[in-house]
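coords-v9.csv follows (CSV, C-alpha atoms):
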chain,number,residue,atom,x,y,z
A,1,MET,CA,2.2,-80.2,-9.9
A,2,ARG,CA,1.1,-77.1,-7.8
A,3,ARG,CA,0.6,-79.4,-4.8
A,4,LYS,CA,4.0,-81.0,-5.3
A,5,ILE,CA,5.7,-77.5,-5.4
A,6,ASN,CA,3.7,-76.6,-2.3
A,7,ARG,CA,5.0,-79.6,-0.5
A,8,ILE,CA,8.6,-78.9,-1.5
A,9,ILE,CA,8.3,-75.3,-0.3
A,10,LYS,CA,6.7,-76.4,3.0
A,11,LYS,CA,9.2,-79.1,3.5
A,12,ASN,CA,12.2,-76.8,3.0
A,13,LEU,CA,11.0,-73.4,4.4
A,14,THR,CA,9.2,-72.3,7.5
A,15,LEU,CA,6.8,-69.4,7.1
A,16,SER,CA,9.2,-66.9,8.7
A,17,GLU,CA,12.1,-68.1,6.5
A,18,GLY,CA,10.0,-67.9,3.4
A,19,LEU,CA,8.9,-64.4,4.3
A,20,TRP,CA,12.4,-63.3,5.1
A,21,LEU,CA,13.6,-64.5,1.7
A,22,GLY,CA,10.6,-62.7,0.1
A,23,PHE,CA,11.7,-59.6,1.9
A,24,CYS,CA,15.2,-60.0,0.5
A,25,ALA,CA,13.6,-60.0,-2.9
A,26,THR,CA,11.6,-56.9,-1.9
A,27,PHE,CA,14.8,-55.1,-0.9
A,28,MET,CA,16.4,-55.9,-4.2
A,29,ILE,CA,13.5,-54.2,-6.0
A,30,VAL,CA,13.2,-51.3,-3.6
A,31,THR,CA,16.9,-50.4,-3.6
A,32,LYS,CA,17.0,-50.7,-7.4
A,33,ALA,CA,14.1,-48.3,-7.6
A,34,ILE,CA,15.4,-45.9,-5.1
A,35,PHE,CA,19.1,-45.8,-6.1
A,36,ARG,CA,18.6,-45.7,-9.8
A,37,LEU,CA,17.0,-42.3,-9.4
A,38,HIS,CA,20.2,-40.9,-8.0
A,39,LEU,CA,23.1,-42.8,-9.6
A,40,HIS,CA,23.6,-42.9,-13.3
A,41,LEU,CA,26.2,-45.7,-13.5
A,42,THR,CA,25.6,-48.7,-15.7
A,43,GLY,CA,25.2,-51.9,-13.7
A,44,HIS,CA,25.1,-50.3,-10.3
A,45,ALA,CA,21.8,-52.0,-9.5
A,46,MET,CA,23.7,-55.3,-9.4
A,47,PHE,CA,25.4,-54.1,-6.2
A,48,PHE,CA,22.3,-54.6,-4.1
A,49,THR,CA,20.9,-57.4,-6.2
A,50,ILE,CA,23.8,-59.7,-5.5
A,51,PHE,CA,24.1,-58.4,-1.9
A,52,PHE,CA,20.5,-59.4,-1.0
A,53,PHE,CA,20.8,-62.7,-3.0
A,54,LEU,CA,23.8,-63.8,-1.0
A,55,LEU,CA,22.5,-62.4,2.3
A,56,GLY,CA,19.2,-64.4,1.9
A,57,LYS,CA,21.1,-67.5,0.9
A,58,GLY,CA,23.7,-67.0,3.7
A,59,THR,CA,21.1,-66.5,6.4
A,60,VAL,CA,18.6,-69.3,5.3
A,61,LYS,CA,20.8,-72.2,4.3
A,62,LYS,CA,18.1,-74.2,2.6
A,63,LYS,CA,18.0,-75.9,-0.8
A,64,TRP,CA,16.8,-73.6,-3.6
A,65,GLY,CA,16.8,-70.5,-1.3
A,66,ALA,CA,18.4,-68.2,-3.8
A,67,THR,CA,16.2,-69.5,-6.6
A,68,PHE,CA,13.2,-68.8,-4.4
A,69,ILE,CA,14.5,-65.2,-3.9
A,70,GLY,CA,15.1,-64.9,-7.7
A,71,LEU,CA,11.6,-66.1,-8.5
A,72,ILE,CA,9.9,-63.7,-6.1
A,73,ALA,CA,12.2,-60.8,-7.2
A,74,GLY,CA,11.4,-61.6,-10.9
A,75,ILE,CA,7.7,-61.6,-10.3
A,76,LEU,CA,7.9,-58.4,-8.2
A,77,ALA,CA,9.9,-56.7,-11.0
A,78,LEU,CA,7.3,-57.9,-13.5
A,79,LEU,CA,4.4,-56.6,-11.4
A,80,LEU,CA,6.2,-53.2,-11.1
A,81,GLY,CA,7.2,-53.0,-14.7
A,82,MET,CA,10.9,-52.9,-14.0
A,83,GLY,CA,13.5,-53.9,-16.6
A,84,LYS,CA,13.4,-53.9,-20.3
A,85,ASP,CA,12.8,-57.6,-20.8
A,86,GLY,CA,9.1,-57.9,-20.2
A,87,PRO,CA,8.0,-61.2,-18.7
A,88,LEU,CA,11.5,-62.6,-19.3
A,89,VAL,CA,12.7,-60.5,-16.3
A,90,ILE,CA,11.7,-63.5,-14.2
A,91,VAL,CA,14.1,-65.8,-16.0
A,92,LYS,CA,16.9,-63.3,-15.4
A,93,TYR,CA,16.5,-63.3,-11.7
A,94,VAL,CA,15.8,-67.1,-11.5
A,95,VAL,CA,19.0,-67.9,-13.4
A,96,SER,CA,21.1,-65.8,-11.0
A,97,GLY,CA,19.5,-67.6,-8.1
A,98,LEU,CA,20.2,-71.0,-9.6
A,99,VAL,CA,23.8,-70.1,-10.1
A,100,ILE,CA,24.1,-69.2,-6.4
A,101,ASP,CA,22.3,-72.3,-5.3
A,102,ALA,CA,24.5,-74.5,-7.6
A,103,ALA,CA,27.7,-72.9,-6.1
A,104,CYS,CA,26.4,-73.6,-2.5
A,105,ILE,CA,25.7,-77.2,-3.4
A,106,LEU,CA,29.2,-77.6,-4.8
A,107,TYR,CA,30.8,-75.9,-1.8
A,108,PRO,CA,28.4,-75.3,1.1
A,109,ARG,CA,30.7,-72.8,3.0
A,110,VAL,CA,31.3,-70.6,-0.1
A,111,LEU,CA,29.4,-67.7,1.4
A,112,GLU,CA,31.5,-67.6,4.5
A,113,SER,CA,34.6,-66.3,2.8
A,114,TYR,CA,35.2,-63.1,0.9
A,115,VAL,CA,36.8,-64.9,-2.1
A,116,GLY,CA,34.0,-67.4,-2.3
A,117,CYS,CA,31.4,-64.6,-2.3
A,118,ALA,CA,33.3,-62.6,-4.9
A,119,LEU,CA,33.5,-65.7,-7.2
A,120,VAL,CA,29.8,-66.6,-6.8
A,121,ALA,CA,28.9,-62.9,-7.4
A,122,ALA,CA,31.0,-62.7,-10.6
A,123,VAL,CA,29.3,-65.7,-12.1
A,124,ALA,CA,25.8,-64.8,-10.9
A,125,SER,CA,26.0,-61.2,-12.1
A,126,THR,CA,27.2,-62.4,-15.5
A,127,SER,CA,24.4,-64.9,-15.8
A,128,LYS,CA,21.9,-62.0,-15.9
A,129,VAL,CA,22.9,-61.5,-19.6
A,130,LEU,CA,22.0,-65.1,-20.3
A,131,THR,CA,18.6,-64.1,-21.8
A,132,LEU,CA,20.4,-61.8,-24.2
A,133,VAL,CA,22.8,-64.6,-25.1
A,134,ILE,CA,20.0,-67.0,-25.7
A,135,VAL,CA,18.1,-64.5,-27.8
A,136,GLU,CA,21.2,-63.7,-29.9
A,137,MET,CA,21.9,-67.4,-30.3
A,138,LEU,CA,18.3,-68.1,-31.5
A,139,ALA,CA,18.7,-65.1,-33.8
A,140,GLY,CA,21.6,-66.9,-35.4
A,141,MET,CA,24.4,-64.5,-34.3
A,142,ASP,CA,28.0,-65.7,-34.5
A,143,GLY,CA,29.1,-67.6,-31.3
A,144,ALA,CA,32.3,-65.5,-30.8
A,145,LEU,CA,30.5,-62.3,-31.2
A,146,ILE,CA,27.8,-63.4,-28.7
A,147,MET,CA,30.6,-64.0,-26.2
A,148,GLN,CA,32.2,-60.6,-26.9
A,149,HIS,CA,28.9,-58.8,-26.6
A,150,ALA,CA,28.1,-60.7,-23.3
A,151,ALA,CA,31.4,-59.7,-21.9
A,152,ILE,CA,30.8,-56.0,-22.8
A,153,ALA,CA,27.3,-56.1,-21.4
A,154,SER,CA,28.2,-57.8,-18.2
A,155,VAL,CA,31.5,-56.2,-17.2
A,156,MET,CA,29.9,-53.4,-15.1
A,157,ASN,CA,27.4,-55.8,-13.6
A,158,MET,CA,30.2,-58.0,-12.6
A,159,ILE,CA,32.2,-55.2,-10.9
A,160,PHE,CA,29.2,-54.0,-8.9
A,161,GLY,CA,28.1,-57.5,-8.1
A,162,ILE,CA,31.5,-58.4,-6.7
A,163,LEU,CA,31.5,-55.1,-4.6
A,164,GLY,CA,28.1,-55.9,-3.2
A,165,SER,CA,29.1,-59.5,-2.4
A,166,LEU,CA,32.1,-58.4,-0.3
A,167,ALA,CA,29.8,-56.9,2.4
A,168,VAL,CA,27.9,-60.2,2.9
A,169,PRO,CA,30.3,-62.3,5.1
A,170,SER,CA,30.8,-59.6,7.8
A,171,ILE,CA,27.1,-58.8,8.0
A,172,ILE,CA,26.2,-62.5,8.3
A,173,ARG,CA,28.8,-62.8,11.1
A,174,ARG,CA,27.4,-59.7,12.9
A,175,LEU,CA,23.8,-61.1,12.6
A,176,LYS,CA,25.0,-64.4,14.0
A,177,ALA,CA,27.0,-62.8,16.8
A,178,ASN,CA,23.9,-60.9,17.9
A,179,GLY,CA,21.6,-63.9,17.8
A,180,LEU,CA,19.5,-62.5,15.0
A,181,ILE,CA,19.9,-65.6,12.9
A,182,SER,CA,20.6,-69.2,13.8
A,183,GLN,CA,24.3,-70.4,13.9
B,184,MET,CA,8.1,-47.0,-10.4
B,185,GLY,CA,6.1,-49.0,-12.9
B,186,LYS,CA,5.8,-48.9,-16.7
B,187,PHE,CA,2.0,-49.2,-16.8
B,188,ARG,CA,0.2,-46.5,-18.8
B,189,ALA,CA,-3.5,-46.2,-18.2
B,190,GLY,CA,-5.7,-46.3,-21.2
B,191,ASN,CA,-8.8,-47.8,-22.9
B,192,SER,CA,-7.3,-49.2,-26.0
B,193,PRO,CA,-8.2,-52.6,-27.5
B,194,VAL,CA,-4.9,-53.9,-26.1
B,195,HIS,CA,-5.6,-52.6,-22.6
B,196,ARG,CA,-8.9,-54.4,-22.7
B,197,LEU,CA,-7.4,-57.8,-23.6
B,198,SER,CA,-6.9,-60.2,-20.7
B,199,ALA,CA,-3.4,-60.7,-19.3
B,200,GLY,CA,-3.4,-64.3,-20.5
B,201,TRP,CA,-4.1,-63.2,-24.1
B,202,LYS,CA,-1.5,-60.6,-24.0
B,203,MET,CA,1.0,-63.1,-22.7
B,204,PHE,CA,0.1,-65.4,-25.6
B,205,LEU,CA,0.6,-62.6,-28.1
B,206,THR,CA,3.9,-61.7,-26.5
B,207,VAL,CA,5.2,-65.3,-26.8
B,208,LEU,CA,3.9,-65.5,-30.4
B,209,LEU,CA,5.4,-62.2,-31.6
B,210,SER,CA,8.7,-62.8,-29.7
B,211,ALA,CA,9.0,-66.3,-31.3
B,212,ALA,CA,8.3,-64.9,-34.7
B,213,ALA,CA,11.3,-62.5,-34.3
B,214,PHE,CA,13.6,-65.6,-34.5
B,215,SER,CA,12.2,-67.0,-37.7
B,216,ALA,CA,12.2,-63.6,-39.5
B,217,ARG,CA,15.6,-63.6,-41.2
B,218,ARG,CA,14.9,-62.2,-44.7
B,219,PRO,CA,14.5,-58.4,-45.0
B,220,LEU,CA,10.9,-58.6,-46.2
B,221,LEU,CA,9.8,-60.8,-43.3
B,222,LEU,CA,11.7,-58.5,-40.8
B,223,VAL,CA,9.9,-55.4,-42.3
B,224,ALA,CA,6.5,-57.2,-42.0
B,225,LEU,CA,7.2,-58.2,-38.4
B,226,PHE,CA,8.4,-54.7,-37.7
B,227,LEU,CA,5.2,-53.2,-39.0
B,228,ILE,CA,3.1,-55.8,-37.0
B,229,ASN,CA,4.9,-54.9,-33.8
B,230,GLY,CA,4.6,-51.2,-34.6
B,231,GLY,CA,0.9,-51.7,-35.2
B,232,TYR,CA,0.5,-53.6,-32.0
B,233,TYR,CA,2.3,-50.8,-30.1
B,234,PHE,CA,0.3,-48.0,-31.5
B,235,LEU,CA,-3.0,-50.0,-31.2
B,236,ALA,CA,-2.2,-49.9,-27.5
B,237,LYS,CA,-2.3,-46.0,-27.9
B,238,LEU,CA,1.2,-45.7,-26.4
B,239,ARG,CA,3.2,-42.6,-27.1
B,240,LEU,CA,6.4,-42.1,-29.1
B,241,LYS,CA,8.0,-41.1,-25.8
B,242,ASP,CA,7.1,-44.5,-24.3
B,243,LEU,CA,8.5,-46.2,-27.4
B,244,TRP,CA,11.8,-44.3,-27.0
B,245,ARG,CA,12.1,-45.3,-23.4
B,246,ASP,CA,11.3,-48.9,-24.2
B,247,ILE,CA,13.8,-49.3,-27.0
B,248,ARG,CA,16.7,-47.0,-26.2
B,249,LEU,CA,18.6,-49.8,-24.4
B,250,PHE,CA,18.2,-52.1,-27.4
B,251,LEU,CA,19.2,-49.5,-29.8
B,252,LEU,CA,22.5,-49.2,-27.8
B,253,GLN,CA,22.8,-53.0,-27.9
B,254,THR,CA,22.2,-52.9,-31.7
B,255,ILE,CA,25.0,-50.4,-32.1
B,256,ILE,CA,27.3,-52.6,-30.2
B,257,VAL,CA,26.3,-55.7,-32.2
B,258,VAL,CA,26.7,-53.9,-35.5
B,259,ALA,CA,30.1,-52.6,-34.4
B,260,LEU,CA,31.3,-56.1,-33.5
B,261,TYR,CA,30.1,-57.4,-36.9
B,262,LEU,CA,31.9,-54.6,-38.7
B,263,ILE,CA,35.1,-55.3,-36.8
B,264,LYS,CA,34.9,-59.0,-37.6
B,265,ASP,CA,33.6,-59.1,-41.2
B,266,GLY,CA,34.1,-55.5,-42.5
B,267,VAL,CA,31.4,-53.2,-43.9
B,268,ALA,CA,30.3,-55.3,-46.9
B,269,ASP,CA,29.8,-58.5,-45.1
B,270,GLY,CA,29.1,-57.3,-41.6
B,271,LEU,CA,26.6,-54.5,-41.9
B,272,TRP,CA,23.5,-56.5,-42.8
B,273,PRO,CA,24.0,-59.4,-40.3
B,274,GLY,CA,24.6,-56.8,-37.6
B,275,ILE,CA,21.5,-54.8,-38.3
B,276,ARG,CA,19.4,-58.0,-38.8
B,277,THR,CA,20.5,-59.4,-35.4
B,278,GLY,CA,20.0,-56.1,-33.6
B,279,LEU,CA,16.5,-55.8,-35.1
B,280,GLN,CA,15.6,-59.4,-34.2
B,281,VAL,CA,16.6,-58.7,-30.6
B,282,LEU,CA,14.6,-55.5,-30.5
B,283,LEU,CA,11.5,-57.3,-32.0
B,284,PHE,CA,11.9,-60.1,-29.5
B,285,PHE,CA,11.7,-57.7,-26.5
B,286,LEU,CA,9.2,-55.2,-27.8
B,287,PRO,CA,6.0,-57.3,-27.3
B,288,GLY,CA,7.1,-57.7,-23.6
B,289,ALA,CA,7.2,-53.9,-23.3
B,290,VAL,CA,3.7,-53.6,-24.7
B,291,PHE,CA,2.6,-56.2,-22.1
B,292,LEU,CA,4.0,-54.2,-19.2
B,293,ARG,CA,2.7,-50.9,-20.5
B,294,THR,CA,-0.9,-52.2,-20.9
B,295,THR,CA,-1.3,-54.6,-18.0
B,296,GLN,CA,-2.0,-53.5,-14.5
B,297,ALA,CA,-0.1,-55.2,-11.6
B,298,SER,CA,-3.5,-56.4,-10.2
B,299,GLN,CA,-4.3,-58.1,-13.6
B,300,ILE,CA,-0.9,-59.9,-13.6
B,301,MET,CA,-1.5,-60.9,-10.0
B,302,ARG,CA,-4.9,-62.4,-10.8
B,303,SER,CA,-3.4,-64.4,-13.7
B,304,LEU,CA,-0.4,-65.6,-11.6
B,305,GLU,CA,-2.7,-66.6,-8.8
B,306,LYS,CA,-4.3,-69.1,-11.1
B,307,ILE,CA,-1.0,-70.9,-11.9
B,308,MET,CA,1.1,-70.4,-8.8
B,309,PRO,CA,1.2,-72.9,-5.9
B,310,ARG,CA,-0.6,-71.5,-2.8
B,311,ASN,CA,2.5,-71.1,-0.6
B,312,MET,CA,4.5,-69.4,-3.4
B,313,ALA,CA,1.6,-67.0,-4.0
B,314,PHE,CA,1.4,-66.2,-0.3
B,315,PHE,CA,5.1,-65.4,-0.1
B,316,THR,CA,5.1,-63.4,-3.3
B,317,PHE,CA,2.1,-61.3,-2.7
B,318,THR,CA,3.0,-60.7,1.0
B,319,SER,CA,6.4,-59.4,-0.2
B,320,PHE,CA,4.6,-57.3,-2.8
B,321,ARG,CA,2.4,-55.7,-0.2
B,322,PHE,CA,5.4,-54.9,2.0
B,323,ILE,CA,7.1,-52.9,-0.7
B,324,PRO,CA,5.6,-49.6,0.3
B,325,PHE,CA,6.2,-50.4,4.0
B,326,PHE,CA,9.9,-51.1,3.4
B,327,ALA,CA,10.3,-48.1,1.0
B,328,ARG,CA,8.9,-45.9,3.8
B,329,GLU,CA,11.1,-47.5,6.5
B,330,MET,CA,14.1,-47.0,4.3
B,331,ARG,CA,13.4,-43.3,3.8
B,332,GLU,CA,12.7,-42.8,7.5
B,333,ILE,CA,15.8,-44.6,8.7
B,334,ALA,CA,17.9,-42.7,6.1
B,335,MET,CA,16.4,-39.4,7.3
B,336,ALA,CA,17.1,-40.2,10.9
B,337,GLN,CA,20.7,-41.3,10.2
B,338,ARG,CA,21.4,-38.2,8.0
B,339,LEU,CA,20.3,-36.0,11.0
B,340,ARG,CA,22.9,-37.9,13.1
B,341,GLY,CA,25.6,-37.1,10.5
B,342,ALA,CA,25.6,-40.2,8.2
B,343,ARG,CA,26.7,-39.5,4.7
B,344,LEU,CA,23.5,-40.7,2.9
B,345,GLU,CA,22.7,-37.7,0.8
B,346,PRO,CA,22.3,-38.7,-2.9
B,347,ARG,CA,25.4,-36.6,-3.8
B,348,ASN,CA,27.4,-38.6,-1.2
B,349,LEU,CA,26.5,-41.9,-2.7
B,350,VAL,CA,28.6,-41.3,-5.8
B,351,ASN,CA,31.8,-41.5,-3.6
B,352,PRO,CA,32.7,-45.1,-2.7
B,353,LYS,CA,34.2,-43.8,0.6
B,354,ASN,CA,30.7,-43.2,1.8
B,355,TRP,CA,29.4,-46.6,0.9
B,356,PRO,CA,30.2,-48.1,4.4
B,357,ASP,CA,27.7,-45.6,5.8
B,358,ILE,CA,25.0,-47.1,3.6
B,359,PHE,CA,25.6,-50.5,5.2
B,360,HIS,CA,26.2,-49.5,8.8
B,361,CYS,CA,23.5,-46.8,9.0
B,362,LEU,CA,20.8,-47.9,6.6
B,363,ILE,CA,21.0,-51.5,5.4
B,364,ILE,CA,21.8,-53.2,8.8
B,365,PRO,CA,18.9,-51.5,10.6
B,366,LEU,CA,16.7,-52.4,7.7
B,367,ILE,CA,17.7,-56.0,7.8
B,368,ILE,CA,17.0,-56.2,11.5
B,369,ARG,CA,13.6,-54.6,11.0
B,370,ALA,CA,12.9,-57.1,8.2
B,371,LEU,CA,13.9,-60.1,10.2
B,372,LYS,CA,11.5,-59.1,13.0
B,373,THR,CA,8.8,-58.3,10.6
B,374,ALA,CA,9.1,-61.7,8.9
B,375,GLN,CA,8.8,-63.4,12.3
B,376,GLU,CA,5.7,-61.3,13.3
B,377,ALA,CA,4.0,-61.8,9.9
B,378,ALA,CA,4.7,-65.6,10.1
B,379,LEU,CA,3.1,-65.7,13.6
B,380,SER,CA,0.2,-63.7,12.3
B,381,ALA,CA,-0.4,-66.0,9.3
B,382,GLU,CA,-0.1,-69.1,11.6
B,383,ALA,CA,-2.6,-67.5,14.0
B,384,ARG,CA,-5.0,-67.1,11.1
B,385,GLY,CA,-4.7,-70.7,10.2
B,386,PHE,CA,-2.5,-70.5,7.1
B,387,GLU,CA,-0.5,-73.6,8.0
B,388,ALA,CA,-3.5,-75.5,9.2
B,389,ALA,CA,-5.4,-74.9,6.0
B,390,GLU,CA,-2.4,-76.1,4.0
B,391,THR,CA,-2.1,-79.4,5.9
B,392,LYS,CA,-5.8,-80.2,5.3
B,393,GLY,CA,-5.3,-79.8,1.5

Translate this file's structure into structure tokens.
Amino acid sequence: MRRKINRIIKKNLTLSEGLWLGFCATFMIVTKAIFRLHLHLTGHAMFFTIFFFLLGKGTVKKKWGATFIGLIAGILALLLGMGKDGPLVIVKYVVSGLVIDAACILYPRVLESYVGCALVAAVASTSKVLTLVIVEMLAGMDGALIMQHAAIASVMNMIFGILGSLAVPSIIRRLKANGLISQ
Amino acid sequence: MGKFRAGNSPVHRLSAGWKMFLTVLLSAAAFSARRPLLLVALFLINGGYYFLAKLRLKDLWRDIRLFLLQTIIVVALYLIKDGVADGLWPGIRTGLQVLLFFLPGAVFLRTTQASQIMRSLEKIMPRNMAFFTFTSFRFIPFFAREMREIAMAQRLRGARLEPRNLVNPKNWPDIFHCLIIPLIIRALKTAQEAALSAEARGFEAAETKG
């Protein structure tokens, strides 16, 4: 199994691409740590989380790129003791990555437009409450109440996620124009 | 950054693998405890586990405050839907179950050092994945320092990057133009250099042999 995953990673990513995606995950964690000291707004961390998710996926257009970022970001968050979910923090980041990858499979040019980025960001930032939804479902909570609670818990995440995503297309264009990433 | 609290409690001395097992066990138990008696018993077990780790009440407050807020929201939603008589207990029960689901994870993070978690992860992670993850981990202090240095240089040039400026959305473009883009360019270069360095040390070659 480990060898199989190794082969998949090697087949899909070069070392520099893998490291760059890893650095995107690092930036998510670093910005979250730095900015949460100064801003006391609920959900604002999603601004940079979604920004770096989409930036990584937009610059390295490989299968499972966003999931890869999510997995590394989740492990880094676990190692640094960030978040309130314990080991489940990995699931939160991976699910957001999966949502972004799924959107890019359905429409590969989604990250080149502002509307596409905003839509992906809205769904990906909402998916972070998925663990809470699953926990509440397993606890036997009423379905309608779970949805209401998820909506309350994710509205600020969604707003900041969309704002962060809107910066992505122009930055990708600038990086391409300056030859820093391949066309 | 980091929730770990140094100590020499029995929980601190447990291996990361055992703690992970206990976390899964206690979290799973939170779902099956629906009757008041079972919930109280599980609450006491979790409390015992927390204080066996010699963690302080201040830590407990930091770990559970978000879930207490969630519990208040859940109870309020139940009260609106079913009224006080029918909605109070299911609301409290669900909130408590969610809290008990997440609490063992908090103990895990409070009592397990990053190096311990890394050792455990190394055993189960594929080699390439471990390389990318731990290289990223080692670059955290580097990029945090880079970020501070770029921010300081840009502030001296007049960029609005003071913490008090960040609250105003009008100043957010400065974050991107003066801080994030230079950082991205630095990271792209660093990724290429680190990849070359790893290849020169035979990382790829070793992989193809396996």

Fill in: Nearest candidate to Gly18 (chain A) (options A:Tyr114, A:Tyr107, A:Tyr93, A:Phe68; using all atoms listed in the file)
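Of all the options, A:Phe68 lies closest to Gly18 (chain A).
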
Worksheet item: So which one's closest to Met28 (chain A), A:Ile105, A:Val120, A:Leu79, A:Ala73? Using all atoms listed in the file, please.
Response: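 Looking at the shortest contact to Met28 (chain A), the residue is A:Ala73.
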
Fill in: Given only C-alpha atoms as the counted atoms, nearest of B:Ile228, B:Leu344, B:Val258, B:Val281 to chain A
B:Val281

Discussion item. Residues of chain A within 8 Å of chain B, counting only C-alpha atoms, what are they? List them as a ChimeraX atom specification.
Written reply: /A:2-3,5-6,9-10,15-20,22-23,25-27,30,33,38-39,72,75-76,78-82,84-88,135-136,138-141,145,149,171,180

Using only C-alpha atoms, determine which residues lie at most 8 Å from Leu21 (chain A), disregarding the query and same-chain residues fewer than 5 positions distant; provide the list as a short mmCIF file (atom, residue, chain, number, x, y, z; two decimals) with C-alpha atoms, keeping the file's coordinate frame.
data_model
loop_
_atom_site.label_atom_id
_atom_site.label_comp_id
_atom_site.auth_asym_id
_atom_site.auth_seq_id
_atom_site.Cartn_x
_atom_site.Cartn_y
_atom_site.Cartn_z
CA GLY A 56 19.20 -64.40 1.90
CA VAL A 60 18.60 -69.30 5.30
CA GLY A 65 16.80 -70.50 -1.30
CA PHE A 68 13.20 -68.80 -4.40
CA ILE A 69 14.50 -65.20 -3.90
#

Fill in: Residue among A:Arg7, A:Lys128, A:His44, A:Arg173 lying closest to Glu112 (chain A), counting all atoms listed in the file
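When distances to Glu112 (chain A) are compared using all atoms listed in the file, the smallest one comes from A:Arg173.
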
Worksheet item: For the atom pair CA of Asn157 (chain A) and CA of Ile134 (chain A), what is the interatomic distance in Å to one decimal place?
Response: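 Computing the Euclidean distance for CA of Asn157 (chain A) and CA of Ile134 (chain A) yields 18.1 Å.
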
Discussion item. So the first atom is CA of Ala151 (chain A) and the second is CA of Ile263 (chain B); what is the distance between them in Å, to one decimal place?
Written reply: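 Computing it gives 16.0 Å between the two atoms.
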
Discussion item. Report as a ChimeraX atom specification all protein, DNA and RNA residues lying within 10 Å of Ala102 (chain A), evaluated on all atoms listed in the file, omitting residues in the same chain fewer than 5 positions from it.
Written reply: /A:63-64,66-67,96-97,107-108,120

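CA of Ala144 (chain A) sits 29.5 Å away from CA of Gly164 (chain A).
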
Worksheet item: Within 8 Å of Gly74 (chain A), counting all atoms listed in the file, which residues qualify if same-chain residues fewer than 6 places away don't, as number ranges by chain?
Response: A: 89-94

Discussion item. Taking 6 positions as the minimum chain separation for residues in the same chain, which residues sit within 9 Å of Ala150 (chain A) when counting only C-alpha atoms? Answer as a list in words.
Written reply: Thr126, Val129, Leu130, Leu132 and Val133 of chain A

N, CA and C atoms are needed for region 267-278 of chain B; please write them out as a JSON list (two decimals), keeping the file's coordinate frame.
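The resulting file, rebuild_30.json, is reproduced below:
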[["chain", "number", "residue", "atom", "x", "y", "z"],
["B", 267, "VAL", "N", 32.67, -53.84, -43.59],
["B", 267, "VAL", "CA", 31.40, -53.20, -43.90],
["B", 267, "VAL", "C", 30.52, -54.02, -44.83],
["B", 268, "ALA", "N", 31.13, -54.55, -45.88],
["B", 268, "ALA", "CA", 30.30, -55.30, -46.90],
["B", 268, "ALA", "C", 29.65, -56.49, -46.36],
["B", 269, "ASP", "N", 30.37, -57.29, -45.59],
["B", 269, "ASP", "CA", 29.80, -58.50, -45.10],
["B", 269, "ASP", "C", 29.15, -58.42, -43.70],
["B", 270, "GLY", "N", 29.55, -57.41, -42.95],
["B", 270, "GLY", "CA", 29.10, -57.30, -41.60],
["B", 270, "GLY", "C", 27.91, -56.45, -41.28],
["B", 271, "LEU", "N", 27.64, -55.48, -42.19],
["B", 271, "LEU", "CA", 26.60, -54.50, -41.90],
["B", 271, "LEU", "C", 25.20, -55.14, -41.78],
["B", 272, "TRP", "N", 24.80, -55.91, -42.79],
["B", 272, "TRP", "CA", 23.50, -56.50, -42.80],
["B", 272, "TRP", "C", 23.26, -57.49, -41.64],
["B", 273, "PRO", "N", 24.18, -58.47, -41.44],
["B", 273, "PRO", "CA", 24.00, -59.40, -40.30],
["B", 273, "PRO", "C", 23.86, -58.66, -38.97],
["B", 274, "GLY", "N", 24.64, -57.59, -38.81],
["B", 274, "GLY", "CA", 24.60, -56.80, -37.60],
["B", 274, "GLY", "C", 23.25, -56.14, -37.37],
["B", 275, "ILE", "N", 22.78, -55.47, -38.43],
["B", 275, "ILE", "CA", 21.50, -54.80, -38.30],
["B", 275, "ILE", "C", 20.37, -55.81, -38.12],
["B", 276, "ARG", "N", 20.45, -56.92, -38.86],
["B", 276, "ARG", "CA", 19.40, -58.00, -38.80],
["B", 276, "ARG", "C", 19.33, -58.51, -37.33],
["B", 277, "THR", "N", 20.48, -58.85, -36.75],
["B", 277, "THR", "CA", 20.50, -59.40, -35.40],
["B", 277, "THR", "C", 19.95, -58.39, -34.38],
["B", 278, "GLY", "N", 20.42, -57.15, -34.51],
["B", 278, "GLY", "CA", 20.00, -56.10, -33.60],
["B", 278, "GLY", "C", 18.46, -55.92, -33.67]]
